[in-house]
Amino acid sequence: MIGLGYHATLLSAPTEAALSHIEAWFAARGWQPFDFQCQAWRAYLQGRSGLIHASTGAGKTYAVWLGPLAEALAERGATCGEAEHIGNSSSRQQAKRARRDDAPPLRVLWVTPLRALAADTEQSLREPVESLGLNWTIERRTGDTATSLRAKQKSRLPTVLVTTPESLSLMLSWPDARERFAGLRCVIVDEWHELLSTKRGTQTELALARLRCWQPNLRTWGLSATLGNLDVALHALMGMNGSDATLIRAELPKEVVIESLLPEQVERFPWAGHLGLVMLPRVLEAIEANASTLVFTNTRSQTEMWYQAILEARPEWAGQIALHHGSLDKVEREFVERGLKEGRLRAVVCTSSLDLGVDFSPVDCVLQVGSPKGAARLLQRAGRSGHAPGRPSRVVCVPTHALELVEFVAVRDAIRQGRIEARLPLNKPLDVLAQHVVTVAAGGGFRSDALLAEVRTAYAYRDLSDDEWGWVLDFVTRGGRALNAYPEFRRVVCDDGMYRVADAGIAQRHRLSIGTIVSEASINVQYLKGGRLGTVEESFVSWLKPGECFLFAGRLLEFVRLQDNTAWVRRAAGKRPSVPRWMGSRMPLSTELAHVLREKLDQARLGRFDDAEMAAVRPLLELQARRSKLPEPDELLIERVQTREGHHLFFFPFDGRAVNEGLAALVAYRLSRLQPISFSFAINDYGFELLSPDRADLDRRGAEMAESGELGQGGAEKAEVKKQRISASSLLRSLFSPDNLAEDLVASLNAAELARRQFREVARIAGLVFEGLPSRRKSSRQLQASSTLFYEVFSKYDPDNLLLTQARREVLERQLEESRLARALQRISRGRITLLDVEKPTPLAFPLMVDRLREQLSSETLLDRIRKMQAQFEE
Amino acid sequence: MVTVTAAGEVLQLLPERAVFWPRRSTLFVADVHFGKAAAFRAAGIPAPEGGLAEDLQRLSQVIACAGAERVVFLGDVLHARRGRVDHVIARVTAWRSEHSHRQFMVVRGNHDARAGDPPPEWRMTCVDEPFIEPPLAFCHMPNASPAAGYMLAGHIHPAVWLRGRAGLRERLPCFVVGPSRMILPAFGSFTGSASVQPTPDDRIYAIAGDVLVEVW
């Protein structure tokens, strides 16, 4: 898969002519094509596929888009035999929209991960088509597309269709899909790095496998940000038969300057997850000092809060600032995107919905509120600023709590060292496959052998076993493998070797459920008077009680009621959001960053505070050292403290959220086997907390000494601190032993119900749970059951169900990253374990202590547990 | 078991999710939703069978333990029309014949309205709510007319969140007992539940395995 240099290629004369015409078109705009663009055009014209990687806005779109256009120009030139036909005079005449019936049939599919990007993509693809005078139609087909346009597309697809993975999958379920895609020559997947390690990416792989099966010469092109594993990204996109694909690097990475806004007094700065509004004055200064600013936050609710706060502080900016996130209604989004491009907006507060795709001229200043949690993400966002050649990209990080300053330094170091995160494609998720198989059964049907061969050309399913395939077929035809468990089940039926959906109702429901890979059910937000504002997740609405206020789309809204899949709201004037429900970002710190973070803390332990951020956070780290200690690189620090809430144990392995979660479940499980005890646990990137109403007996001797006052009463310690040093017992070591890991981990997953939680997603995709139907008709309400209920009945009556297995596997591989976890245990067991009794929660422990989102695990009987509980109705 | 007195009648709440009225030797259960899994399967959703046999066995046990001569289903006996499949009907018919000397009564619920009355071979007398048997009123909907007597109802599948120290919490099905009505937990095992919002006059008995615990 090594790309040939573009100079080494031979193209036909009309193609060369078309290519020069493209270059002339470029020149007429005062642009000079980059090498990588020429390289991509030629590779395309030779019939090859490839992946182009570059930072945002580097000209990737034209690199991949002008190849298909040149091809069309060449063909037109060849048929007409006239050079002028490609010339300017004719293009001016034809610079109007092509008509559906005259335009060539579907030729290029453009797949984008965010439907919010589709409008913009359509716009930027259209411009060269029209000015080059091509008779092509370009349209979108996403969840946003109007019914009337869908109907027209149903009779004839446009020449170029911009779509999402879900909508593409949906089109494959049309009975005549194959004929409709008959003229397809190229699929372009935008922002492939965003899809790569998700189930939507797997869905895309399967769709591509199908299209390639229909069109063996289909070219696949991908656009990606820089990743640590581009070769894998290319392979996953091309599938198992794409041997001649090329990897094209857009440009040398531009210099990125990462700075931080430093709080004046770090001691007074929040210690734990916060909105970061303390830094508002400094952020306002930054916005004032620049003509245009993007303020990136990590979550939608943070975006809303920041937008509101900026507007309150600077009411005169009304109309000059805006907010942008993926849940907004498309009219709102498009308004903001236009404003950005036309330079009308001073600042836009946004989530990742703007670190993707949308091409607009770079802004002067990019602010990142809160930790970006990964080097790749920060690079992507930084790329939004300062596109002028030779000028560095600049991003200013805004801490929301003190320890984030350390993370900023860690990101900067990781980028400097070139440690960009890899994103791993998923390994044969059977829920996605089951969904795809039903899609294909609805889209004209299939024969088992042929579809199996096709599916195995998708990277994710390259080693799908015959047995697994057999299970998936059983699942869609008989409900499962368990004998007699699924009478009268019908979804897909096999007739003379041909598999098709059982009836039109099932096909219809299946099409409605295809979109559910994206996320949980979305609920419309709409005014009682009619105006639609956008969508929110069902879980968000379930938090709200009628009469409560929340921020959405930059407005304060009062929740009136939930009905017909819609949250009905009215404007709430003069009220405050009654419940901020700020839960902080749950994005895990990448492995690379976790590693650098540990190095940084060790430098601080040795008294080295080289960076400005480290110097700023120094008082806090010194407080940590006084109250407890800063852990050494080979040391696992455990802090123990008692409060009114109960007995807290804080563990700090610094392995990133995913691994820490696995460690928390494992340690809680192993402790719970030594005594009847119940824990709730909280996890973050630094460590985890086990909290119990009763004291976990970690070290009997230590406990006795503490009670009898043998330790720590000497007064030699600093005044505010009473430290009790207890040597790590063999008990502590056994908690982190790598022995029996596999068994204990599975047992702890079950005990902590992590698998049950993961099953939610699996159940949705495999079509067990229907959520968010556009109109919940009465008949579909009879088919509502929660994934929890399914998890229970499967565990009881069909325990070998592979969907259960998959949920467990996903927890182990994706959530907890089992291999990393094993490595972490090995590291811990080689090093030292230090248990300290501290008097007050430390700066490291505090963020865990205030985290309300907890898992739990218990070895007490249900009755013993609930005897100590009280009914709670304020949920 | 918890004994409460309502409208002068002694009623026993049972952790098997049923209520026994000793004076009339009557057992009440609500929301059994027979045929729910079958209805799912018919629509292409693979819900495994197995719950039905267990639910029937549990019902037989509680009937025997209480020594009930009559069983009153407080609505939603059948889940959906699509769930009226042969093997479900046959299974329940066979079970019914084990209780041939007992009287079965169904107060129609919202699901029964669409799914239809139970088949004749189940030998269940069907009535509309409220069915008055002074001083009690047998209902499905807890908000049906209250005047006629102390109301026994189902429909909402009540559950309660319990919260303890150290961030521990637990969600359990429950009975909600008020001065004018009582709501039973759903009996069927393939059913969901909804968190309740009690009034100050309500008492809540949570089902913790085989024990009832008063939690409110």
# chains A, B, ... in the order shown; residues from 1 in each chain; ligands from 1
>>> residues_around(residues="Pro130 in chain B", least_positions_apart="3", cutoff="12 Å", atoms="only C-alpha atoms", output="PyMOL selection string")
chain B and resi 74-75+106-109+126-127+133-134+136-153
>>> interface_residues(of="chain A", to="chain B", cutoff="8 Å", atoms="only C-alpha atoms", output="number ranges by chain")
A: 475, 478-480, 484-491, 506, 645-647, 678-680, 691-693, 767-768, 782-783, 785-786, 789-790, 793-794, 797-798, 852, 854, 856, 862-863, 866, 868-873
>>> write_last_selection(atoms="C-alpha atoms", output="CSV table (one decimal), in the first residue's frame")
chain,number,residue,atom,x,y,z
A,475,PHE,CA,-30.5,-14.6,15.5
A,478,ARG,CA,-35.0,-17.8,14.6
A,479,GLY,CA,-34.3,-15.2,17.4
A,480,GLY,CA,-31.4,-17.1,18.8
A,484,ASN,CA,-37.5,-23.8,21.8
A,485,ALA,CA,-36.8,-20.4,23.3
A,486,TYR,CA,-38.0,-18.4,20.4
A,487,PRO,CA,-41.2,-19.9,18.9
A,488,GLU,CA,-43.2,-17.7,16.4
A,489,PHE,CA,-40.2,-15.4,16.0
A,490,ARG,CA,-40.0,-13.9,12.6
A,491,ARG,CA,-37.8,-11.2,11.2
A,506,ILE,CA,-40.7,-5.5,10.0
A,645,GLU,CA,-20.5,10.1,54.0
A,646,GLY,CA,-18.5,7.0,55.1
A,647,HIS,CA,-15.1,5.5,54.6
A,678,SER,CA,-20.9,-2.5,49.9
A,679,PHE,CA,-19.1,0.1,47.9
A,680,SER,CA,-20.0,2.9,45.6
A,691,LEU,CA,-16.6,4.6,49.4
A,692,SER,CA,-18.4,2.3,51.9
A,693,PRO,CA,-20.6,2.9,54.9
A,767,GLY,CA,-33.0,-4.2,17.3
A,768,LEU,CA,-34.2,-5.5,20.6
A,782,GLN,CA,-46.6,-2.7,23.2
A,783,LEU,CA,-43.1,-3.5,22.0
A,785,ALA,CA,-39.0,-3.1,27.0
A,786,SER,CA,-35.9,-1.9,28.6
A,789,LEU,CA,-35.1,-6.5,31.1
A,790,PHE,CA,-33.6,-8.1,28.0
A,793,VAL,CA,-34.2,-12.7,30.4
A,794,PHE,CA,-31.2,-13.5,28.2
A,797,TYR,CA,-33.1,-18.3,29.6
A,798,ASP,CA,-30.4,-18.0,26.9
A,852,ARG,CA,-22.0,11.9,42.0
A,854,ARG,CA,-21.2,6.3,40.7
A,856,GLN,CA,-21.7,0.1,43.0
A,862,LEU,CA,-30.0,-7.2,49.6
A,863,LEU,CA,-31.8,-7.0,52.9
A,866,ILE,CA,-31.4,-1.7,52.2
A,868,LYS,CA,-29.5,1.2,56.0
A,869,MET,CA,-31.3,3.0,53.2
A,870,GLN,CA,-34.1,5.4,52.9
A,871,ALA,CA,-36.6,5.9,50.1
A,872,GLN,CA,-35.7,8.7,47.8
A,873,PHE,CA,-38.2,10.4,45.5
>>> select_by_dssp(residues="chain B", states="alpha helix (DSSP H)", output="PyMOL selection string")
chain B and resi 36-42+51-66+86-97+110-115
>>> write_last_selection(atoms="N, CA and C atoms", output="compact mmCIF listing (two decimals), in the first residue's frame")
# COMPACT_ATOMS: atom_id res chain seq x y z
N LYS B 36 -46.43 -11.59 26.53
CA LYS B 36 -45.68 -10.39 26.13
C LYS B 36 -44.48 -10.77 25.27
N ALA B 37 -43.69 -11.75 25.74
CA ALA B 37 -42.51 -12.14 24.98
C ALA B 37 -42.92 -12.66 23.60
N ALA B 38 -44.04 -13.40 23.55
CA ALA B 38 -44.50 -13.93 22.27
C ALA B 38 -44.86 -12.79 21.31
N ALA B 39 -45.49 -11.74 21.85
CA ALA B 39 -45.84 -10.60 21.01
C ALA B 39 -44.58 -9.95 20.45
N PHE B 40 -43.54 -9.87 21.25
CA PHE B 40 -42.27 -9.31 20.78
C PHE B 40 -41.72 -10.15 19.64
N ARG B 41 -41.71 -11.46 19.86
CA ARG B 41 -41.12 -12.34 18.84
C ARG B 41 -41.88 -12.24 17.53
N ALA B 42 -43.22 -12.16 17.64
CA ALA B 42 -44.01 -12.09 16.41
C ALA B 42 -43.67 -10.84 15.63
N GLY B 51 -40.10 -17.03 30.91
CA GLY B 51 -40.72 -16.29 32.01
C GLY B 51 -42.12 -16.77 32.32
N LEU B 52 -42.84 -17.21 31.29
CA LEU B 52 -44.23 -17.62 31.49
C LEU B 52 -44.32 -18.79 32.46
N ALA B 53 -43.51 -19.83 32.19
CA ALA B 53 -43.55 -21.00 33.05
C ALA B 53 -43.23 -20.62 34.49
N GLU B 54 -42.27 -19.75 34.64
CA GLU B 54 -41.87 -19.36 35.98
C GLU B 54 -42.94 -18.55 36.68
N ASP B 55 -43.56 -17.64 35.93
CA ASP B 55 -44.62 -16.83 36.52
C ASP B 55 -45.79 -17.71 36.99
N LEU B 56 -46.14 -18.71 36.15
CA LEU B 56 -47.25 -19.59 36.51
C LEU B 56 -46.93 -20.40 37.75
N GLN B 57 -45.68 -20.83 37.81
CA GLN B 57 -45.27 -21.63 38.96
C GLN B 57 -45.31 -20.79 40.24
N ARG B 58 -44.86 -19.57 40.13
CA ARG B 58 -44.85 -18.65 41.26
C ARG B 58 -46.29 -18.39 41.71
N LEU B 59 -47.18 -18.24 40.74
CA LEU B 59 -48.58 -17.97 41.07
C LEU B 59 -49.20 -19.19 41.78
N SER B 60 -48.88 -20.39 41.26
CA SER B 60 -49.39 -21.61 41.91
C SER B 60 -48.92 -21.68 43.35
N GLN B 61 -47.66 -21.36 43.55
CA GLN B 61 -47.10 -21.44 44.90
C GLN B 61 -47.82 -20.51 45.85
N VAL B 62 -48.03 -19.28 45.40
CA VAL B 62 -48.61 -18.31 46.31
C VAL B 62 -50.09 -18.63 46.56
N ILE B 63 -50.74 -19.19 45.55
CA ILE B 63 -52.14 -19.61 45.73
C ILE B 63 -52.20 -20.72 46.80
N ALA B 64 -51.26 -21.65 46.67
CA ALA B 64 -51.25 -22.78 47.61
C ALA B 64 -50.92 -22.32 49.01
N CYS B 65 -49.91 -21.50 49.14
CA CYS B 65 -49.49 -21.01 50.45
C CYS B 65 -50.61 -20.27 51.15
N ALA B 66 -51.27 -19.39 50.38
CA ALA B 66 -52.33 -18.59 50.98
C ALA B 66 -53.59 -19.42 51.17
N ASP B 86 -50.74 -19.96 20.12
CA ASP B 86 -51.23 -21.26 20.60
C ASP B 86 -50.50 -21.79 21.82
N HIS B 87 -49.18 -21.76 21.77
CA HIS B 87 -48.49 -22.44 22.88
C HIS B 87 -48.64 -21.67 24.19
N VAL B 88 -48.81 -20.35 24.13
CA VAL B 88 -49.05 -19.58 25.36
C VAL B 88 -50.43 -19.94 25.91
N ILE B 89 -51.41 -19.96 25.01
CA ILE B 89 -52.77 -20.29 25.45
C ILE B 89 -52.82 -21.70 26.03
N ALA B 90 -52.16 -22.63 25.35
CA ALA B 90 -52.17 -24.02 25.81
C ALA B 90 -51.48 -24.15 27.17
N ARG B 91 -50.38 -23.44 27.32
CA ARG B 91 -49.62 -23.51 28.57
C ARG B 91 -50.47 -23.02 29.74
N VAL B 92 -51.16 -21.89 29.53
CA VAL B 92 -51.97 -21.33 30.61
C VAL B 92 -53.20 -22.21 30.85
N THR B 93 -53.75 -22.78 29.76
CA THR B 93 -54.91 -23.67 29.90
C THR B 93 -54.54 -24.87 30.78
N ALA B 94 -53.38 -25.44 30.51
CA ALA B 94 -52.93 -26.59 31.29
C ALA B 94 -52.77 -26.20 32.76
N TRP B 95 -52.20 -25.03 32.95
CA TRP B 95 -52.00 -24.55 34.33
C TRP B 95 -53.36 -24.33 35.01
N ARG B 96 -54.31 -23.77 34.23
CA ARG B 96 -55.64 -23.50 34.78
C ARG B 96 -56.30 -24.78 35.29
N SER B 97 -56.06 -25.88 34.55
CA SER B 97 -56.71 -27.14 34.93
C SER B 97 -56.17 -27.68 36.26
N ASN B 110 -56.09 -1.73 30.49
CA ASN B 110 -55.92 -1.08 29.19
C ASN B 110 -55.36 -2.05 28.14
N HIS B 111 -54.48 -2.96 28.56
CA HIS B 111 -53.95 -3.92 27.59
C HIS B 111 -55.03 -4.91 27.15
N ASP B 112 -55.88 -5.32 28.11
CA ASP B 112 -56.93 -6.28 27.76
C ASP B 112 -57.89 -5.70 26.73
N ALA B 113 -58.07 -4.37 26.81
CA ALA B 113 -59.00 -3.75 25.87
C ALA B 113 -58.56 -4.01 24.44
N ARG B 114 -57.27 -4.01 24.19
CA ARG B 114 -56.79 -4.26 22.82
C ARG B 114 -56.50 -5.73 22.57
N ALA B 115 -56.00 -6.40 23.59
CA ALA B 115 -55.62 -7.80 23.40
C ALA B 115 -56.83 -8.73 23.40
>>> residues_around(residues="Glu9 in chain B", least_positions_apart="5", cutoff="8 Å", atoms="only C-alpha atoms", output="number ranges by chain")
B: 21, 23, 135
>>> write_last_selection(atoms="N, CA and C atoms", output="short mmCIF file (atom, residue, chain, number, x, y, z; two decimals), in the first residue's frame")
data_model
loop_
_atom_site.label_atom_id
_atom_site.label_comp_id
_atom_site.auth_asym_id
_atom_site.auth_seq_id
_atom_site.Cartn_x
_atom_site.Cartn_y
_atom_site.Cartn_z
N TRP B 21 -56.68 -11.60 50.69
CA TRP B 21 -57.81 -11.08 51.50
C TRP B 21 -58.42 -12.30 52.18
N ARG B 23 -60.64 -12.93 54.55
CA ARG B 23 -62.07 -13.09 54.82
C ARG B 23 -62.80 -13.68 53.62
N PRO B 135 -66.28 -3.96 51.26
CA PRO B 135 -65.97 -2.52 51.09
C PRO B 135 -64.84 -2.26 50.07
#
>>> select_by_dssp(residues="range 31-194 of chain B", states="strand (DSSP E or B)", output="number ranges by chain")
B: 34, 70-73, 78, 103-107, 124-127, 131-133, 136-138, 150-153, 158-163, 169-177, 181-183, 186, 194
>>> residues_around(residues="Leu433 in chain A", least_positions_apart="2", cutoff="12 Å", atoms="only C-alpha atoms", output="number ranges by chain")
A: 169, 199-200, 202-207, 426-431, 435-440, 451-452, 454-456, 458, 460-461, 464, 468-473, 475-476, 514, 517, 762, 765-767, 803, 806
>>> closest_residue(among="A:Thr842, A:Ser590, A:Thr566, A:Ser260", to="Gly530 in chain A", atoms="only C-alpha atoms")
A:Thr566
>>> residues_around(residues="His157 in chain B", least_positions_apart="2", cutoff="8 Å", atoms="only C-alpha atoms", output="ChimeraX atom specification")
/B:31,154-155,159,173,184-186,192-194
>>> residues_around(residues="Leu636 in chain A", least_positions_apart="3", cutoff="8 Å", atoms="only C-alpha atoms", output="list of chain:residue names")
A:Pro631, A:Glu632, A:Phe651, A:Phe652, A:Pro653, A:Ile828, A:Gly831, A:Arg832, A:Ile833, A:Thr834
>>> write_last_selection(atoms="C-alpha atoms", output="short mmCIF file (atom, residue, chain, number, x, y, z; two decimals), in the first residue's frame")
data_model
loop_
_atom_site.label_atom_id
_atom_site.label_comp_id
_atom_site.auth_asym_id
_atom_site.auth_seq_id
_atom_site.Cartn_x
_atom_site.Cartn_y
_atom_site.Cartn_z
CA PRO A 631 3.42 9.57 44.14
CA GLU A 632 6.70 8.33 42.72
CA PHE A 651 -6.30 4.95 44.69
CA PHE A 652 -4.11 6.84 42.20
CA PRO A 653 -2.71 4.63 39.43
CA ILE A 828 1.76 -1.91 40.22
CA GLY A 831 6.36 -1.30 42.43
CA ARG A 832 5.46 -0.08 45.86
CA ILE A 833 2.03 0.36 47.35
CA THR A 834 1.68 3.10 49.93
#
>>> residues_around(residues="Leu161 in chain A", least_positions_apart="5", cutoff="10 Å", atoms="only C-alpha atoms", output="JSON, numbers by chain")
{"A": [106, 107, 108, 109, 110, 111, 118, 122, 137, 138, 139, 140, 141, 142, 153, 168, 187]}
>>> write_last_selection(atoms="N, CA and C atoms", output="CSV table (one decimal), in the first residue's frame")
chain,number,residue,atom,x,y,z
A,106,LEU,N,-26.5,8.7,-10.1
A,106,LEU,CA,-25.6,8.7,-9.0
A,106,LEU,C,-24.2,8.2,-9.3
A,107,ARG,N,-23.2,9.0,-9.0
A,107,ARG,CA,-21.9,8.7,-9.4
A,107,ARG,C,-20.9,8.8,-8.2
A,108,VAL,N,-21.1,9.8,-7.4
A,108,VAL,CA,-20.3,10.0,-6.2
A,108,VAL,C,-21.1,10.0,-4.9
A,109,LEU,N,-20.7,9.2,-3.9
A,109,LEU,CA,-21.3,9.3,-2.6
A,109,LEU,C,-20.3,10.0,-1.7
A,110,TRP,N,-20.8,10.9,-0.9
A,110,TRP,CA,-19.9,11.6,0.0
A,110,TRP,C,-20.5,11.3,1.4
A,111,VAL,N,-19.7,10.6,2.2
A,111,VAL,CA,-20.2,10.2,3.5
A,111,VAL,C,-19.6,11.1,4.6
A,118,ALA,N,-23.3,18.2,6.7
A,118,ALA,CA,-23.7,17.9,5.3
A,118,ALA,C,-24.1,19.1,4.5
A,122,GLU,N,-22.2,20.1,1.0
A,122,GLU,CA,-22.9,20.3,-0.2
A,122,GLU,C,-22.5,21.6,-0.9
A,137,THR,N,-26.1,17.1,-10.5
A,137,THR,CA,-26.9,17.5,-9.4
A,137,THR,C,-26.2,17.1,-8.1
A,138,ILE,N,-26.3,17.9,-7.1
A,138,ILE,CA,-25.7,17.6,-5.8
A,138,ILE,C,-26.8,17.8,-4.7
A,139,GLU,N,-27.0,16.8,-3.9
A,139,GLU,CA,-28.0,16.9,-2.9
A,139,GLU,C,-27.5,16.2,-1.6
A,140,ARG,N,-28.3,16.4,-0.6
A,140,ARG,CA,-28.0,15.8,0.7
A,140,ARG,C,-29.1,14.7,1.0
A,141,ARG,N,-28.7,13.7,1.7
A,141,ARG,CA,-29.8,12.8,2.3
A,141,ARG,C,-29.3,12.4,3.7
A,142,THR,N,-29.9,13.1,4.7
A,142,THR,CA,-29.6,12.8,6.1
A,142,THR,C,-30.9,12.8,6.8
A,153,GLN,N,-35.8,11.9,-4.5
A,153,GLN,CA,-34.6,11.1,-4.6
A,153,GLN,C,-35.0,9.6,-4.7
A,168,LEU,N,-26.8,6.1,4.5
A,168,LEU,CA,-26.3,5.2,3.5
A,168,LEU,C,-26.8,3.8,3.8
A,187,VAL,N,-16.8,6.5,-3.6
A,187,VAL,CA,-17.3,6.9,-2.3
A,187,VAL,C,-16.2,7.6,-1.6
>>> closest_residue(among="A:Val266, A:Leu378, A:Val493, A:Ala502", to="Pro399 in chain A", atoms="only C-alpha atoms")
A:Val266
>>> atom_distance(atom1="CA of Glu332 in chain A", atom2="CA of Gly534 in chain A")
8.7 Å
>>> decode(residues="range 140-191 of chain B", atoms="C-alpha atoms", output="JSON list (two decimals), in the first residue's frame")
[["chain", "number", "residue", "atom", "x", "y", "z"],
["B", 140, "HIS", "CA", -56.77, -1.66, 37.13],
["B", 141, "MET", "CA", -56.22, 2.09, 36.88],
["B", 142, "PRO", "CA", -55.34, 3.64, 40.26],
["B", 143, "ASN", "CA", -57.24, 6.77, 39.31],
["B", 144, "ALA", "CA", -60.57, 5.07, 38.60],
["B", 145, "SER", "CA", -63.57, 6.47, 40.52],
["B", 146, "PRO", "CA", -62.70, 6.36, 44.22],
["B", 147, "ALA", "CA", -66.11, 6.75, 45.85],
["B", 148, "ALA", "CA", -67.28, 3.16, 45.72],
["B", 149, "GLY", "CA", -64.85, 1.54, 48.11],
["B", 150, "TYR", "CA", -61.24, 0.95, 49.05],
["B", 151, "MET", "CA", -59.50, 0.50, 45.72],
["B", 152, "LEU", "CA", -57.03, -2.23, 44.77],
["B", 153, "ALA", "CA", -55.25, -1.35, 41.52],
["B", 154, "GLY", "CA", -52.24, -2.04, 39.33],
["B", 155, "HIS", "CA", -51.24, -0.53, 36.01],
["B", 156, "ILE", "CA", -48.27, 1.59, 37.00],
["B", 157, "HIS", "CA", -45.82, -1.19, 38.01],
["B", 158, "PRO", "CA", -44.56, 0.82, 41.00],
["B", 159, "ALA", "CA", -40.92, 0.79, 42.07],
["B", 160, "VAL", "CA", -38.98, 2.84, 44.59],
["B", 161, "TRP", "CA", -35.43, 4.15, 44.79],
["B", 162, "LEU", "CA", -33.66, 3.62, 48.10],
["B", 163, "ARG", "CA", -30.61, 5.60, 49.00],
["B", 164, "GLY", "CA", -28.12, 4.99, 51.76],
["B", 165, "ARG", "CA", -24.82, 6.37, 52.98],
["B", 166, "ALA", "CA", -21.74, 6.26, 50.82],
["B", 167, "GLY", "CA", -23.67, 6.90, 47.63],
["B", 168, "LEU", "CA", -25.31, 3.46, 47.65],
["B", 169, "ARG", "CA", -28.69, 3.04, 46.02],
["B", 170, "GLU", "CA", -31.11, 0.34, 45.01],
["B", 171, "ARG", "CA", -34.33, 0.20, 43.02],
["B", 172, "LEU", "CA", -37.03, -2.23, 44.11],
["B", 173, "PRO", "CA", -40.61, -3.01, 43.12],
["B", 174, "CYS", "CA", -43.08, -2.03, 45.81],
["B", 175, "PHE", "CA", -46.63, -1.80, 47.12],
["B", 176, "VAL", "CA", -48.04, 1.69, 47.54],
["B", 177, "VAL", "CA", -50.68, 1.72, 50.29],
["B", 178, "GLY", "CA", -52.79, 4.82, 50.83],
["B", 179, "PRO", "CA", -55.93, 5.65, 52.80],
["B", 180, "SER", "CA", -58.26, 5.15, 49.83],
["B", 181, "ARG", "CA", -56.34, 2.90, 47.48],
["B", 182, "MET", "CA", -53.48, 0.44, 47.19],
["B", 183, "ILE", "CA", -51.30, -0.12, 44.14],
["B", 184, "LEU", "CA", -49.85, -3.57, 43.55],
["B", 185, "PRO", "CA", -46.48, -4.23, 41.88],
["B", 186, "ALA", "CA", -46.56, -5.92, 38.47],
["B", 187, "PHE", "CA", -46.66, -9.70, 38.84],
["B", 188, "GLY", "CA", -45.26, -10.63, 35.41],
["B", 189, "SER", "CA", -41.50, -11.07, 35.28],
["B", 190, "PHE", "CA", -41.08, -9.65, 31.74],
["B", 191, "THR", "CA", -42.42, -6.25, 32.73]]
